[in-house]
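K.L.:
If it helps, the file is called protein-v6.json and holds JSON, C-alpha atoms:
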```json
[["chain", "number", "residue", "atom", "x", "y", "z"],
["A", 1, "MET", "CA", 15.51, -16.91, 6.73],
["A", 2, "ASN", "CA", 17.10, -14.38, 9.02],
["A", 3, "PHE", "CA", 18.92, -11.92, 6.77],
["A", 4, "PHE", "CA", 20.52, -10.16, 9.73],
["A", 5, "SER", "CA", 22.35, -13.33, 10.73],
["A", 6, "LEU", "CA", 23.15, -14.16, 7.07],
["A", 7, "TYR", "CA", 24.93, -10.80, 6.95],
["A", 8, "GLN", "CA", 26.24, -11.09, 10.51],
["A", 9, "LEU", "CA", 24.56, -7.87, 11.52],
["A", 10, "PRO", "CA", 22.87, -7.15, 14.85],
["A", 11, "GLU", "CA", 19.14, -7.86, 14.69],
["A", 12, "GLN", "CA", 17.96, -4.27, 14.99],
["A", 13, "PHE", "CA", 16.68, -1.45, 12.79],
["A", 14, "ASP", "CA", 19.88, 0.59, 12.63],
["A", 15, "ILE", "CA", 22.59, -1.19, 10.71],
["A", 16, "ASP", "CA", 25.99, -0.15, 9.41],
["A", 17, "LEU", "CA", 25.42, 0.19, 5.65],
["A", 18, "GLU", "CA", 29.14, 0.05, 4.93],
["A", 19, "GLN", "CA", 29.34, -3.26, 6.77],
["A", 20, "LEU", "CA", 26.33, -4.48, 4.78],
["A", 21, "ASN", "CA", 27.97, -3.57, 1.47],
["A", 22, "LYS", "CA", 31.23, -5.24, 2.46],
["A", 23, "ALA", "CA", 29.49, -8.41, 3.61],
["A", 24, "HIS", "CA", 27.46, -8.43, 0.40],
["A", 25, "LYS", "CA", 30.59, -8.38, -1.77],
["A", 26, "THR", "CA", 32.11, -11.22, 0.23],
["A", 27, "LEU", "CA", 28.97, -13.35, 0.20],
["A", 28, "VAL", "CA", 28.39, -12.81, -3.52],
["A", 29, "LYS", "CA", 31.92, -13.98, -4.24],
["A", 30, "LEU", "CA", 31.58, -17.00, -1.95],
["A", 31, "THR", "CA", 28.36, -18.14, -3.59],
["A", 32, "HIS", "CA", 29.12, -17.17, -7.17],
["A", 33, "PRO", "CA", 28.10, -19.99, -9.55],
["A", 34, "ASP", "CA", 31.47, -19.73, -11.38],
["A", 35, "ARG", "CA", 33.21, -21.04, -8.28],
["A", 36, "PHE", "CA", 31.15, -24.20, -8.55],
["A", 37, "ALA", "CA", 31.68, -24.88, -12.24],
["A", 38, "THR", "CA", 33.42, -28.18, -11.51],
["A", 39, "ALA", "CA", 31.44, -29.04, -8.38],
["A", 40, "SER", "CA", 28.72, -31.66, -8.18],
["A", 41, "GLU", "CA", 25.24, -30.95, -9.43],
["A", 42, "ARG", "CA", 23.97, -30.78, -5.84],
["A", 43, "GLU", "CA", 26.63, -28.32, -4.73],
["A", 44, "ARG", "CA", 25.99, -26.15, -7.74],
["A", 45, "LEU", "CA", 22.28, -26.06, -7.01],
["A", 46, "MET", "CA", 22.94, -25.13, -3.39],
["A", 47, "ALA", "CA", 25.26, -22.32, -4.46],
["A", 48, "VAL", "CA", 22.62, -20.94, -6.81],
["A", 49, "GLN", "CA", 20.06, -20.98, -4.00],
["A", 50, "LYS", "CA", 22.47, -19.38, -1.55],
["A", 51, "ASN", "CA", 23.38, -16.74, -4.11],
["A", 52, "ALA", "CA", 19.70, -15.86, -4.56],
["A", 53, "GLN", "CA", 19.25, -15.62, -0.78],
["A", 54, "VAL", "CA", 22.28, -13.35, -0.53],
["A", 55, "ASN", "CA", 20.83, -10.99, -3.13],
["A", 56, "ASP", "CA", 17.34, -11.08, -1.62],
["A", 57, "GLY", "CA", 18.80, -10.31, 1.78],
["A", 58, "TYR", "CA", 20.80, -7.42, 0.41],
["A", 59, "SER", "CA", 17.83, -5.72, -1.16],
["A", 60, "VAL", "CA", 15.68, -6.31, 1.94],
["A", 61, "LEU", "CA", 18.29, -4.92, 4.35],
["A", 62, "LYS", "CA", 19.32, -1.99, 2.18],
["A", 63, "SER", "CA", 15.94, -0.25, 2.17],
["A", 64, "PRO", "CA", 14.77, 0.99, 5.59],
["A", 65, "VAL", "CA", 11.12, 0.05, 5.10],
["A", 66, "SER", "CA", 11.72, -3.51, 3.91],
["A", 67, "ARG", "CA", 14.39, -3.94, 6.63],
["A", 68, "ALA", "CA", 11.85, -2.83, 9.26],
["A", 69, "GLU", "CA", 9.28, -5.22, 7.79],
["A", 70, "HIS", "CA", 11.79, -8.08, 7.92],
["A", 71, "LEU", "CA", 12.67, -7.23, 11.51],
["A", 72, "LEU", "CA", 9.00, -7.31, 12.48],
["A", 73, "SER", "CA", 8.43, -10.58, 10.67],
["A", 74, "LEU", "CA", 11.29, -12.10, 12.71],
["A", 75, "ARG", "CA", 9.43, -10.85, 15.79],
["A", 76, "GLY", "CA", 6.28, -12.58, 14.59],
["A", 77, "VAL", "CA", 4.48, -9.57, 13.12],
["A", 78, "GLU", "CA", 3.80, -10.35, 9.47],
["A", 79, "LEU", "CA", 3.01, -7.37, 7.26],
["A", 80, "ARG", "CA", 3.95, -8.60, 3.83],
["A", 81, "HIS", "CA", 0.78, -10.36, 2.84],
["A", 82, "GLU", "CA", -1.64, -8.58, 5.07],
["A", 83, "GLN", "CA", -4.94, -7.72, 3.46],
["A", 84, "GLN", "CA", -6.23, -5.60, 6.28],
["A", 85, "THR", "CA", -7.35, -2.15, 5.25],
["A", 86, "MET", "CA", -6.30, 1.03, 6.95],
["A", 87, "GLN", "CA", -9.03, 3.28, 8.30],
["A", 88, "ASP", "CA", -7.10, 6.23, 9.69],
["A", 89, "THR", "CA", -9.39, 8.87, 8.17],
["A", 90, "ALA", "CA", -7.19, 11.92, 8.76],
["A", 91, "PHE", "CA", -4.16, 10.21, 7.25],
["A", 92, "LEU", "CA", -6.14, 8.94, 4.26],
["A", 93, "MET", "CA", -7.77, 12.35, 3.66],
["A", 94, "GLN", "CA", -4.28, 13.83, 3.43],
["A", 95, "GLN", "CA", -3.27, 11.06, 1.02],
["A", 96, "MET", "CA", -6.31, 11.84, -1.09],
["A", 97, "GLU", "CA", -5.39, 15.53, -1.18],
["A", 98, "TRP", "CA", -1.85, 14.77, -2.30],
["A", 99, "ARG", "CA", -3.10, 12.40, -4.97],
["A", 100, "GLU", "CA", -5.53, 15.04, -6.21],
["A", 101, "ALA", "CA", -2.76, 17.64, -6.32],
["A", 102, "LEU", "CA", -0.60, 15.19, -8.23],
["A", 103, "GLU", "CA", -3.43, 14.41, -10.62],
["A", 104, "ASP", "CA", -3.85, 18.12, -11.35],
["A", 105, "MET", "CA", -0.13, 18.40, -12.01],
["A", 106, "ALA", "CA", -0.14, 15.40, -14.32],
["A", 107, "SER", "CA", -1.92, 17.24, -17.13],
["A", 108, "ALA", "CA", 0.83, 19.86, -17.29],
["A", 109, "PRO", "CA", 3.77, 18.70, -15.17],
["A", 110, "ASP", "CA", 5.83, 21.50, -13.72],
["A", 111, "GLU", "CA", 9.27, 20.70, -12.38],
["A", 112, "GLN", "CA", 9.10, 23.24, -9.55],
["A", 113, "GLN", "CA", 5.67, 22.14, -8.33],
["A", 114, "LEU", "CA", 6.74, 18.50, -8.39],
["A", 115, "THR", "CA", 9.93, 19.26, -6.49],
["A", 116, "ALA", "CA", 8.01, 21.24, -3.88],
["A", 117, "LEU", "CA", 5.49, 18.43, -3.36],
["A", 118, "ASP", "CA", 8.30, 15.89, -3.19],
["A", 119, "ALA", "CA", 10.10, 17.96, -0.55],
["A", 120, "GLU", "CA", 6.89, 18.14, 1.48],
["A", 121, "LEU", "CA", 6.55, 14.36, 1.31],
["A", 122, "VAL", "CA", 10.18, 13.79, 2.28],
["A", 123, "GLY", "CA", 9.58, 15.85, 5.42],
["A", 124, "HIS", "CA", 6.65, 13.63, 6.40],
["A", 125, "ILE", "CA", 8.55, 10.47, 5.47],
["A", 126, "ASN", "CA", 11.41, 11.47, 7.76],
["A", 127, "ASP", "CA", 8.95, 11.97, 10.63],
["A", 128, "HIS", "CA", 7.41, 8.55, 10.05],
["A", 129, "MET", "CA", 10.88, 6.97, 9.81],
["A", 130, "THR", "CA", 11.91, 8.50, 13.14],
["A", 131, "ASN", "CA", 8.70, 7.27, 14.79],
["A", 132, "MET", "CA", 9.17, 3.83, 13.26],
["A", 133, "LYS", "CA", 12.74, 3.54, 14.47],
["A", 134, "MET", "CA", 11.84, 4.64, 18.02],
["A", 135, "ALA", "CA", 8.94, 2.19, 18.15],
["A", 136, "LEU", "CA", 10.99, -0.74, 16.81],
["A", 137, "ASP", "CA", 13.88, -0.05, 19.17],
["A", 138, "LYS", "CA", 11.54, -0.67, 22.11],
["A", 139, "ASN", "CA", 11.23, -4.30, 20.98],
["A", 140, "SER", "CA", 7.91, -4.66, 22.82],
["A", 141, "ASP", "CA", 4.47, -5.78, 21.61],
["A", 142, "ASP", "CA", 3.21, -2.23, 21.79],
["A", 143, "GLY", "CA", 6.31, -0.88, 20.05],
["A", 144, "ASN", "CA", 6.04, -3.48, 17.30],
["A", 145, "GLN", "CA", 2.41, -2.57, 16.65],
["A", 146, "ARG", "CA", 3.22, 1.11, 16.48],
["A", 147, "GLY", "CA", 6.20, 0.36, 14.25],
["A", 148, "ALA", "CA", 3.92, -1.66, 11.95],
["A", 149, "ASP", "CA", 1.54, 1.29, 11.74],
["A", 150, "GLU", "CA", 4.36, 3.59, 10.69],
["A", 151, "ILE", "CA", 5.47, 1.08, 8.05],
["A", 152, "ARG", "CA", 1.93, 0.97, 6.63],
["A", 153, "LYS", "CA", 1.88, 4.76, 6.41],
["A", 154, "LEU", "CA", 5.33, 4.84, 4.85],
["A", 155, "LYS", "CA", 4.14, 2.52, 2.11],
["A", 156, "PHE", "CA", 1.49, 5.04, 1.07],
["A", 157, "MET", "CA", 4.07, 7.82, 1.17],
["A", 158, "LEU", "CA", 6.60, 5.90, -0.90],
["A", 159, "LYS", "CA", 3.96, 5.08, -3.47],
["A", 160, "LEU", "CA", 3.27, 8.80, -3.82],
["A", 161, "ARG", "CA", 6.94, 9.55, -4.25],
["A", 162, "ALA", "CA", 7.19, 6.88, -6.93],
["A", 163, "GLU", "CA", 4.35, 8.62, -8.79],
["A", 164, "ILE", "CA", 6.19, 11.93, -8.57],
["A", 165, "ALA", "CA", 9.36, 10.30, -9.89],
["A", 166, "ARG", "CA", 7.35, 8.83, -12.77],
["A", 167, "LEU", "CA", 5.96, 12.27, -13.67],
["A", 168, "GLU", "CA", 9.42, 13.82, -13.47],
["A", 169, "ASP", "CA", 10.67, 11.15, -15.86],
["A", 170, "THR", "CA", 8.02, 12.08, -18.40],
["A", 171, "LEU", "CA", 9.21, 15.70, -18.12],
["A", 172, "HIS", "CA", 12.77, 14.76, -18.93],
["A", 173, "GLU", "CA", 11.77, 12.57, -21.83],
["A", 174, "GLN", "CA", 10.19, 15.50, -23.66],
["B", 175, "MET", "CA", -1.79, -9.52, -15.84],
["B", 176, "ALA", "CA", -4.97, -9.99, -17.81],
["B", 177, "TYR", "CA", -7.99, -8.15, -16.46],
["B", 178, "SER", "CA", -11.46, -9.58, -16.95],
["B", 179, "ASN", "CA", -13.84, -7.81, -19.34],
["B", 180, "LYS", "CA", -15.93, -6.58, -16.42],
["B", 181, "VAL", "CA", -12.90, -5.00, -14.77],
["B", 182, "ILE", "CA", -11.93, -3.32, -18.03],
["B", 183, "ASP", "CA", -15.48, -2.07, -18.55],
["B", 184, "HIS", "CA", -15.63, -0.49, -15.07],
["B", 185, "TYR", "CA", -12.10, 0.84, -15.42],
["B", 186, "GLU", "CA", -12.75, 2.47, -18.79],
["B", 187, "ASN", "CA", -16.26, 3.67, -17.94],
["B", 188, "PRO", "CA", -16.27, 4.07, -14.17],
["B", 189, "ARG", "CA", -19.74, 4.64, -12.74],
["B", 190, "ASN", "CA", -20.46, 7.39, -10.22],
["B", 191, "VAL", "CA", -17.04, 9.01, -9.97],
["B", 192, "GLY", "CA", -16.93, 12.11, -7.81],
["B", 193, "GLY", "CA", -18.22, 13.18, -4.45],
["B", 194, "PHE", "CA", -21.00, 14.84, -2.50],
["B", 195, "ASP", "CA", -20.84, 17.73, -0.07],
["B", 196, "LYS", "CA", -19.58, 16.08, 3.09],
["B", 197, "ASN", "CA", -21.40, 18.68, 5.20],
["B", 198, "ASP", "CA", -24.76, 17.51, 3.88],
["B", 199, "PRO", "CA", -26.28, 15.54, 6.81],
["B", 200, "SER", "CA", -27.66, 12.87, 4.46],
["B", 201, "VAL", "CA", -24.13, 12.17, 3.15],
["B", 202, "ALA", "CA", -21.67, 9.77, 4.78],
["B", 203, "THR", "CA", -18.07, 9.09, 3.82],
["B", 204, "GLY", "CA", -15.95, 5.95, 4.04],
["B", 205, "MET", "CA", -12.20, 6.34, 3.67],
["B", 206, "VAL", "CA", -10.04, 3.23, 3.42],
["B", 207, "GLY", "CA", -6.57, 2.38, 2.20],
["B", 208, "ALA", "CA", -4.60, -0.75, 1.35],
["B", 209, "PRO", "CA", -1.08, -0.50, 2.79],
["B", 210, "ALA", "CA", 0.19, -3.37, 0.65],
["B", 211, "CYS", "CA", -0.27, -1.43, -2.57],
["B", 212, "GLY", "CA", -0.86, 2.14, -1.38],
["B", 213, "ASP", "CA", -4.36, 2.33, -2.89],
["B", 214, "VAL", "CA", -6.75, 4.89, -1.42],
["B", 215, "MET", "CA", -10.54, 4.71, -1.76],
["B", 216, "LYS", "CA", -13.26, 7.18, -0.82],
["B", 217, "LEU", "CA", -16.86, 6.03, -0.98],
["B", 218, "GLN", "CA", -19.75, 8.38, -0.25],
["B", 219, "ILE", "CA", -23.38, 7.46, 0.17],
["B", 220, "LYS", "CA", -26.46, 9.69, 0.19],
["B", 221, "VAL", "CA", -29.13, 8.25, 2.43],
["B", 222, "GLY", "CA", -32.83, 9.15, 2.16],
["B", 223, "GLU", "CA", -35.10, 9.73, 5.15],
["B", 224, "ASN", "CA", -36.48, 6.22, 4.68],
["B", 225, "GLY", "CA", -32.99, 4.84, 5.33],
["B", 226, "ILE", "CA", -32.45, 3.78, 1.72],
["B", 227, "ILE", "CA", -29.22, 4.65, -0.06],
["B", 228, "GLU", "CA", -30.33, 6.96, -2.86],
["B", 229, "ASP", "CA", -27.00, 7.64, -4.47],
["B", 230, "ALA", "CA", -23.31, 6.77, -4.16],
["B", 231, "LYS", "CA", -20.08, 8.21, -5.48],
["B", 232, "PHE", "CA", -16.45, 7.15, -5.29],
["B", 233, "LYS", "CA", -12.95, 8.35, -5.86],
["B", 234, "THR", "CA", -10.17, 5.78, -5.94],
["B", 235, "TYR", "CA", -6.47, 6.08, -6.53],
["B", 236, "GLY", "CA", -5.22, 2.63, -7.31],
["B", 237, "CYS", "CA", -5.04, -0.16, -9.84],
["B", 238, "GLY", "CA", -7.73, -1.17, -12.31],
["B", 239, "SER", "CA", -9.18, -3.77, -9.95],
["B", 240, "ALA", "CA", -9.51, -1.26, -7.10],
["B", 241, "ILE", "CA", -11.26, 1.23, -9.40],
["B", 242, "ALA", "CA", -13.54, -1.47, -10.80],
["B", 243, "SER", "CA", -14.40, -2.77, -7.31],
["B", 244, "SER", "CA", -15.40, 0.67, -6.06],
["B", 245, "SER", "CA", -17.28, 1.51, -9.25],
["B", 246, "LEU", "CA", -19.23, -1.75, -8.94],
["B", 247, "VAL", "CA", -20.20, -1.20, -5.29],
["B", 248, "THR", "CA", -21.54, 2.29, -6.00],
["B", 249, "GLU", "CA", -23.99, 0.56, -8.36],
["B", 250, "TRP", "CA", -24.76, -2.21, -5.93],
["B", 251, "VAL", "CA", -25.49, -0.09, -2.83],
["B", 252, "LYS", "CA", -28.02, 2.14, -4.57],
["B", 253, "GLY", "CA", -31.57, 1.26, -3.50],
["B", 254, "LYS", "CA", -30.34, -0.79, -0.56],
["B", 255, "THR", "CA", -30.88, -0.20, 3.15],
["B", 256, "LEU", "CA", -27.78, 0.35, 5.28],
["B", 257, "GLU", "CA", -28.05, -3.21, 6.59],
["B", 258, "GLU", "CA", -28.36, -4.66, 3.11],
["B", 259, "ALA", "CA", -25.37, -2.62, 1.95],
["B", 260, "THR", "CA", -23.13, -3.88, 4.76],
["B", 261, "ALA", "CA", -24.11, -7.43, 3.85],
["B", 262, "ILE", "CA", -22.17, -7.09, 0.57],
["B", 263, "LYS", "CA", -19.16, -9.38, 0.84],
["B", 264, "ASN", "CA", -15.80, -9.00, -0.80],
["B", 265, "THR", "CA", -16.26, -12.48, -2.26],
["B", 266, "ASP", "CA", -19.37, -11.26, -4.14],
["B", 267, "ILE", "CA", -17.33, -8.41, -5.62],
["B", 268, "ALA", "CA", -14.37, -10.64, -6.48],
["B", 269, "GLU", "CA", -16.67, -13.16, -8.12],
["B", 270, "GLU", "CA", -18.59, -10.57, -10.15],
["B", 271, "LEU", "CA", -15.34, -9.04, -11.46],
["B", 272, "ALA", "CA", -13.49, -12.39, -11.73],
["B", 273, "LEU", "CA", -10.59, -10.95, -9.72],
["B", 274, "PRO", "CA", -7.45, -13.10, -9.56],
["B", 275, "PRO", "CA", -6.17, -14.08, -6.06],
["B", 276, "VAL", "CA", -3.53, -11.32, -6.00],
["B", 277, "LYS", "CA", -6.28, -8.72, -6.43],
["B", 278, "ILE", "CA", -8.64, -9.98, -3.73],
["B", 279, "HIS", "CA", -7.46, -7.17, -1.45],
["B", 280, "CYS", "CA", -9.11, -4.68, -3.85],
["B", 281, "SER", "CA", -12.49, -6.27, -3.19],
["B", 282, "ILE", "CA", -11.78, -6.26, 0.57],
["B", 283, "LEU", "CA", -11.03, -2.56, 0.27],
["B", 284, "ALA", "CA", -14.41, -1.95, -1.41],
["B", 285, "GLU", "CA", -16.29, -3.99, 1.20],
["B", 286, "ASP", "CA", -14.56, -2.10, 4.01],
["B", 287, "ALA", "CA", -15.32, 1.22, 2.29],
["B", 288, "ILE", "CA", -19.06, 0.45, 2.41],
["B", 289, "LYS", "CA", -18.81, -0.50, 6.09],
["B", 290, "ALA", "CA", -16.82, 2.65, 6.88],
["B", 291, "ALA", "CA", -19.39, 4.84, 5.10],
["B", 292, "VAL", "CA", -22.29, 3.17, 6.93],
["B", 293, "ASP", "CA", -20.45, 3.56, 10.26],
["B", 294, "ASP", "CA", -19.90, 7.23, 9.46],
["B", 295, "TYR", "CA", -23.61, 7.65, 8.71],
["B", 296, "LYS", "CA", -24.60, 5.96, 11.95],
["B", 297, "SER", "CA", -22.19, 8.00, 14.06],
["B", 298, "LYS", "CA", -23.43, 11.20, 12.37],
["B", 299, "HIS", "CA", -27.02, 10.31, 13.23],
["B", 300, "SER", "CA", -26.69, 8.71, 16.63],
["B", 301, "SER", "CA", -26.58, 11.98, 18.53]]
```
Have the structure of the file written as C-alpha cells, please.
P.N.:
Amino acid sequence: MNFFSLYQLPEQFDIDLEQLNKAHKTLVKLTHPDRFATASERERLMAVQKNAQVNDGYSVLKSPVSRAEHLLSLRGVELRHEQQTMQDTAFLMQQMEWREALEDMASAPDEQQLTALDAELVGHINDHMTNMKMALDKNSDDGNQRGADEIRKLKFMLKLRAEIARLEDTLHEQ
Amino acid sequence: MAYSNKVIDHYENPRNVGGFDKNDPSVATGMVGAPACGDVMKLQIKVGENGIIEDAKFKTYGCGSAIASSSLVTEWVKGKTLEEATAIKNTDIAEELALPPVKIHCSILAEDAIKAAVDDYKSKHSS
C-alpha cells in the first residue's frame, strides 16, 4: 500500500501537513461505515478495510520517522522488521550515558533536570532529522542507506524522549 | 505478554550487573543496540592470560527479555575461550529462555554483544 498515493501527496519526505489533514477528513468521510449501512455485505466490508487503511496511512504519514520509514520501504529498503543490531559504539555509548542519567533522575525526578535533558535530546533529534531529510531527498542507494541509519538512530532518541515523558507524568500525578 | 519463568528469574535477579574498568587491558567491551525497540546492551568480558574468559558483566536498558538474555550470556561465557564464546548462538539463548518469536531480536542482541566484545578484545591485543 502506497500511503502517499492514497493521500494524493508527492512521494517524498516533505509533505504539506495541512493537505494531509484535509485529505484525511475527506477520506474518512468517504469510507465511513455509516455511509454503507444499506449497502451489500461485500461493500460494507470493503469500506471497513478502506477506512482502516485511511487511518493507518494517516498515522504513518503524520509522524516524520514513520513517514521516512514508509518512503524507504516503497524504495525497497525495509526497516520495520529488521533484526539487525546496531554497532556504532560512539552513538551507543552516548545512549548509555543518557539512560544512566535518566536512571539517576528516576529515583527523585526533578522537573528542571528532565526539561534540560529533553531539550538536549531535541537538539540532537533535529540534527538527525535534517540529515535524514537530506539523505532521503537524494533518492539514491547511498542516500537511502544513510537515511535508514538516521532513522535507526532516531528510534533510540525517541525512545529516550518517551521515557522522559513517562517520568514527567509521574511528577504531575503526585 | 507472558514471560517464561527463566526470563522472570533473570529479570528479577540479574546476574553480573555492572562493569569493569575499560582501561584494564584484560577487559573488552561490546556495545550493541536494537533499533526496532531502542534497547541498548553493554557486555564486558575479563580475559585471563590463558585466553579464558574469567568474568563478565553487563548493563542493559531494555525489556525483560533483553535483560534476561544478557544476564544469561554473562553466565554462559565464563570459563569459555573466546572461540567457544563466539560459538554461542542466539537460538541457544532463545531456547533456554523460551523467548516468543517477537522477542527473538533480544537474543540476537546478546549474541552480537558477545561477538562485539570478543572483536574488541582481539583488536586491543592485535597490536
K.L.:
Write out as JSON, numbers by chain the residues lying within 9 Å of Ala68 of chain A, counting only C-alpha atoms and excluding same-chain residues fewer than 4 positions away.
P.N.:
{"A": [12, 13, 60, 61, 63, 64, 72, 73, 132, 133, 136, 147, 148, 151]}
K.L.:
Write out, as JSON lines, each residue of segment 203-245 of chain B that has an atom at most 8 Å from segment 267-279 of chain B, together with the closest pair of atoms and their distance in Å to one decimal, counting only C-alpha atoms, rows going by chain and rising number.
P.N.:
```
{"residue": "B:Ala208", "atom": "CA", "partner": "B:His279", "partner_atom": "CA", "distance": 7.6}
{"residue": "B:Ser239", "atom": "CA", "partner": "B:Lys277", "partner_atom": "CA", "distance": 6.7}
{"residue": "B:Ala242", "atom": "CA", "partner": "B:Leu271", "partner_atom": "CA", "distance": 7.8}
{"residue": "B:Ser243", "atom": "CA", "partner": "B:Ile267", "partner_atom": "CA", "distance": 6.6}
```
K.L.:
Report the distance between atom CA of Val292 of chain B and atom CA of Asp198 of chain B in Å, rounded to one decimal place.
P.N.:
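Answer for the atom CA of Val292 of chain B to atom CA of Asp198 of chain B separation: 14.9 Å.
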K.L.:
For chain A, which residues have at least one atom within 6 Å of chain B, if we go by all atoms listed in the file? Write them as a PyMOL selection string, please.
P.N.:
chain A and resi 83+85-87+89+152+156
K.L.:
Would you put the residues from that selection into a file with C-alpha atoms, as a PDB file, in the frame of the given file?
P.N.:
```pdb
ATOM      1  CA  GLN A  83      -4.940  -7.720   3.460  1.00  0.00           C
ATOM      2  CA  THR A  85      -7.350  -2.150   5.250  1.00  0.00           C
ATOM      3  CA  MET A  86      -6.300   1.030   6.950  1.00  0.00           C
ATOM      4  CA  GLN A  87      -9.030   3.280   8.300  1.00  0.00           C
ATOM      5  CA  THR A  89      -9.390   8.870   8.170  1.00  0.00           C
ATOM      6  CA  ARG A 152       1.930   0.970   6.630  1.00  0.00           C
ATOM      7  CA  PHE A 156       1.490   5.040   1.070  1.00  0.00           C
TER       8      PHE A 156
END
```
K.L.:
Give me, as an MDAnalysis selection string, all polymer residues having an atom no more than 12 Å from segment 100-106 of chain A, counting only C-alpha atoms and skipping those fewer than 2 positions away in the same chain.
P.N.:
(chainID A and resid 93:98 108:118 121 160:171) or (chainID B and resid 192 214 233:235)
K.L.:
Quick one: segment 98-104 of chain A with all heavy atoms, as a short mmCIF file (atom, residue, chain, number, x, y, z; two decimals), keeping the file's coordinate frame?
P.N.:
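After the write, selection-v7.cif holds the following:
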```cif
data_model
loop_
_atom_site.label_atom_id
_atom_site.label_comp_id
_atom_site.auth_asym_id
_atom_site.auth_seq_id
_atom_site.Cartn_x
_atom_site.Cartn_y
_atom_site.Cartn_z
N TRP A 98 -3.11 14.82 -1.54
CA TRP A 98 -1.85 14.77 -2.30
C TRP A 98 -2.05 14.14 -3.66
O TRP A 98 -1.52 14.59 -4.66
CB TRP A 98 -0.78 14.01 -1.50
CG TRP A 98 -0.10 14.85 -0.45
CD1 TRP A 98 0.19 16.19 -0.53
CD2 TRP A 98 0.37 14.41 0.83
NE1 TRP A 98 0.82 16.60 0.62
CE2 TRP A 98 0.96 15.53 1.47
CE3 TRP A 98 0.40 13.19 1.49
CZ2 TRP A 98 1.54 15.47 2.72
CZ3 TRP A 98 0.98 13.11 2.74
CH2 TRP A 98 1.54 14.24 3.36
N ARG A 99 -2.83 13.07 -3.68
CA ARG A 99 -3.10 12.40 -4.97
C ARG A 99 -3.83 13.34 -5.92
O ARG A 99 -3.55 13.36 -7.12
CB ARG A 99 -3.97 11.16 -4.78
CG ARG A 99 -3.39 10.12 -3.89
CD ARG A 99 -2.61 9.09 -4.66
NE ARG A 99 -1.65 8.52 -3.74
CZ ARG A 99 -1.53 7.24 -3.45
NH1 ARG A 99 -2.26 6.37 -4.10
NH2 ARG A 99 -0.66 6.81 -2.57
N GLU A 100 -4.79 14.10 -5.38
CA GLU A 100 -5.53 15.04 -6.21
C GLU A 100 -4.60 16.12 -6.76
O GLU A 100 -4.66 16.46 -7.94
CB GLU A 100 -6.68 15.67 -5.41
CG GLU A 100 -7.89 14.76 -5.34
CD GLU A 100 -8.88 15.14 -4.24
OE1 GLU A 100 -8.69 16.17 -3.56
OE2 GLU A 100 -9.85 14.37 -4.06
N ALA A 101 -3.72 16.61 -5.89
CA ALA A 101 -2.76 17.64 -6.32
C ALA A 101 -1.88 17.08 -7.44
O ALA A 101 -1.62 17.74 -8.45
CB ALA A 101 -1.90 18.08 -5.15
N LEU A 102 -1.47 15.84 -7.25
CA LEU A 102 -0.60 15.19 -8.23
C LEU A 102 -1.34 14.97 -9.55
O LEU A 102 -0.77 15.14 -10.63
CB LEU A 102 -0.13 13.84 -7.65
CG LEU A 102 1.18 13.27 -8.16
CD1 LEU A 102 2.30 14.28 -8.05
CD2 LEU A 102 1.52 12.02 -7.36
N GLU A 103 -2.61 14.63 -9.42
CA GLU A 103 -3.43 14.41 -10.62
C GLU A 103 -3.56 15.71 -11.41
O GLU A 103 -3.48 15.71 -12.64
CB GLU A 103 -4.81 13.92 -10.18
CG GLU A 103 -5.63 13.31 -11.29
CD GLU A 103 -6.94 12.75 -10.75
OE1 GLU A 103 -7.59 13.43 -9.91
OE2 GLU A 103 -7.30 11.65 -11.15
N ASP A 104 -3.76 16.82 -10.68
CA ASP A 104 -3.85 18.12 -11.35
C ASP A 104 -2.55 18.46 -12.06
O ASP A 104 -2.54 19.04 -13.15
CB ASP A 104 -4.18 19.23 -10.34
CG ASP A 104 -5.60 19.09 -9.81
OD1 ASP A 104 -6.39 18.38 -10.46
OD2 ASP A 104 -5.90 19.70 -8.76
#
```
